[in-house]
Amino acid sequence: MTAADLLLIVMVIGLTAYALLGGADFGGGVWDLLARGPDARDQRKLISNAIGPVWEANHVWLVFIVVALFSGFPPAYGLVGSSLEIPLSAALVGIVLRGAAYVYRAYGAGAAGPDHWWGHVFAVSSTITPFALGVAGASLATGRMSPDDPVEPLRSTFGLGCGVFAVAVTAFLAAVYLCKDAAASPATEHLIPEFRRRATGGAVVCGALAMMLLPLFWDQAPVVAHRFLDRSMPLVALSVIGGAATLVALARRQFVVARLAAGLAVGAMLWGWAVAQYPDLIVGQVTADSAAAPTTNIHAMLYAVAGGLAIVLPPIIVLYRLFTRPEPTT
């Protein structure tokens, strides 16, 4: 294994963390947008309380991925930045607007204010970012991207479908996670059935979208599709097992197990794509070997990553443990 391969593995680990943690936050925004009925205010308040302690911390993983790509694979970074400027700019705008709207809503109309326009900005921008990142990820698999035609990724039906799929996955994760958050306090237990239904519906939608995307996958990303069949089927099986285990755990009200199983379902799917994508960073254009920086540079990057994780991980773990404890009852 080369130093470049090791850095790619570390980057996929960071991408997995961002998908499972930051993705769930975006999914919370989706359910904020779709909150309806007499419990809508309580649903939005639960979502806000769940996101509040960690909504900024989760973007550490995205920053790490961008820095690692820039430092470890400069040609790929340049091509991605110049060819995917529309979806990546949309993702950035969504992140900025979502963060600003979250704060302004919290200090303005209140986190539970269902009709405040900052709340709508927060919810809509939470769907824009995962959609845009899904389109960008699909472009890496199809190779349909060029600095001369920045609109090309938006012409791909597979890319647009992956964008929708990414939104559905974040919504599924958020609904599963929110079941545990709702169960943590007697004041929110009445929300469990609603989020359990949403988690089940999200799993069904994700499965249906995956089946619908298969023909487009084989048609528009044949190189990765063939590798996927050869290399990634065990990971597909893990993802299916994780999805089924999530539904069983939800039915039994085992919400910690449900969270872990949902993470397995999404993480295995993401790693399946990464394994099939290798050694291409951009199919037909850039490989890991052709884009890798000098070995000494990558070694320095890996040392910096190890040191950074030693500093960043402990406070993040403490943050999660502190804010996921059940509130004491009086």
# chains A, B, ... in the order shown; residues from 1 in each chain; ligands from 1

call {"tool": "residues_around", "arguments": {"residues": "range 123-129 of chain A", "least_positions_apart": "2", "cutoff": "6 Å", "atoms": "only C-alpha atoms", "output": "PDB file with C-alpha atoms, in the first residue's frame"}}
result
ATOM      1  CA  PHE A  26     -29.005  17.929   7.003  1.00  0.00           C
ATOM      2  CA  GLY A  29     -33.510  20.094   8.160  1.00  0.00           C
ATOM      3  CA  VAL A  30     -35.501  17.974   5.701  1.00  0.00           C
ATOM      4  CA  ASP A  32     -38.030  20.497   9.696  1.00  0.00           C
ATOM      5  CA  LEU A  33     -39.235  21.438   6.209  1.00  0.00           C
ATOM      6  CA  ALA A  91     -23.379  23.074  -1.508  1.00  0.00           C
ATOM      7  CA  GLY A  94     -26.465  25.776   1.436  1.00  0.00           C
ATOM      8  CA  ARG A  98     -28.212  26.886   6.843  1.00  0.00           C
ATOM      9  CA  HIS A 120     -37.799  28.037   5.929  1.00  0.00           C
ATOM     10  CA  VAL A 121     -34.317  29.144   4.842  1.00  0.00           C
ATOM     11  CA  PHE A 131     -28.412  17.190  -3.200  1.00  0.00           C
ATOM     12  CA  ALA A 132     -25.475  19.162  -4.611  1.00  0.00           C
TER      13      ALA A 132
END

call {"tool": "select_by_dssp", "arguments": {"residues": "range 20-149 of chain A", "states": "alpha helix (DSSP H)", "output": "number ranges by chain"}}
result
A: 23-34, 40-51, 59-72, 74-83, 85-107, 117-142

call {"tool": "closest_residue", "arguments": {"among": "A:Leu160, A:Ala274, A:Leu235, A:Met1", "to": "Gly134 in chain A", "atoms": "only C-alpha atoms"}}
result
A:Leu160

call {"tool": "closest_residue", "arguments": {"among": "A:Ser146, A:Asn58, A:Thr170, A:Asn297", "to": "Leu7 in chain A", "atoms": "only C-alpha atoms"}}
result
A:Asn297

call {"tool": "residues_around", "arguments": {"residues": "Gly243 in chain A", "least_positions_apart": "6", "cutoff": "12 Å", "atoms": "only C-alpha atoms", "output": "PyMOL selection string"}}
result
chain A and resi 169+172-173+176+199-207+236-237+249-250+257-269

call {"tool": "write_last_selection", "arguments": {"atoms": "C-alpha atoms", "output": "short mmCIF file (atom, residue, chain, number, x, y, z; two decimals), in the first residue's frame"}}
result
data_model
loop_
_atom_site.label_atom_id
_atom_site.label_comp_id
_atom_site.auth_asym_id
_atom_site.auth_seq_id
_atom_site.Cartn_x
_atom_site.Cartn_y
_atom_site.Cartn_z
CA VAL A 169 -30.36 9.00 2.90
CA PHE A 172 -33.47 8.36 6.81
CA LEU A 173 -30.50 8.82 9.14
CA VAL A 176 -33.57 7.08 13.04
CA ALA A 199 -37.48 6.27 9.38
CA THR A 200 -39.35 3.30 7.92
CA GLY A 201 -40.59 5.38 5.02
CA GLY A 202 -37.09 6.75 4.47
CA ALA A 203 -35.65 3.23 4.30
CA VAL A 204 -38.27 2.23 1.73
CA VAL A 205 -37.64 5.35 -0.36
CA CYS A 206 -33.87 4.80 -0.27
CA GLY A 207 -34.30 1.20 -1.41
CA VAL A 236 -23.81 -4.19 -0.49
CA ALA A 237 -24.87 -7.21 1.57
CA ALA A 249 -34.55 -2.43 16.05
CA LEU A 250 -36.99 0.44 15.53
CA VAL A 257 -29.06 -0.47 18.03
CA ALA A 258 -31.11 1.24 15.32
CA ARG A 259 -28.60 4.09 15.14
CA LEU A 260 -25.68 1.70 14.81
CA ALA A 261 -27.45 -0.38 12.18
CA ALA A 262 -28.42 2.69 10.15
CA GLY A 263 -24.82 3.85 10.29
CA LEU A 264 -23.72 0.43 9.03
CA ALA A 265 -26.22 0.59 6.15
CA VAL A 266 -25.05 4.01 4.97
CA GLY A 267 -21.36 3.50 5.74
CA ALA A 268 -21.18 0.17 3.89
CA MET A 269 -22.85 1.72 0.86
#

call {"tool": "closest_residue", "arguments": {"among": "A:Val164, A:Ile192, A:Ala175, A:Leu88", "to": "Asp25 in chain A", "atoms": "only C-alpha atoms"}}
result
A:Ala175

call {"tool": "closest_residue", "arguments": {"among": "A:Leu34, A:Ile298, A:Leu140, A:Leu229", "to": "Val286 in chain A", "atoms": "only C-alpha atoms"}}
result
A:Leu140

call {"tool": "select_by_dssp", "arguments": {"residues": "range 68-297 of chain A", "states": "strand (DSSP E or B)", "output": "count of residues only"}}
result
7

call {"tool": "residues_around", "arguments": {"residues": "Ala141 in chain A", "least_positions_apart": "3", "cutoff": "12 Å", "atoms": "only C-alpha atoms", "output": "VMD selection string"}}
result
chain A and resid 134 to 138 144 to 145 153 156 158 to 159 162 216 to 228 273 to 287

call {"tool": "closest_residue", "arguments": {"among": "A:Ile47, A:Ala68, A:Ala17, A:Leu213", "to": "Thr157 in chain A", "atoms": "only C-alpha atoms"}}
result
A:Leu213

call {"tool": "closest_residue", "arguments": {"among": "A:Leu247, A:Trp31, A:Gly72, A:Ile317", "to": "Ser290 in chain A", "atoms": "only C-alpha atoms"}}
result
A:Gly72
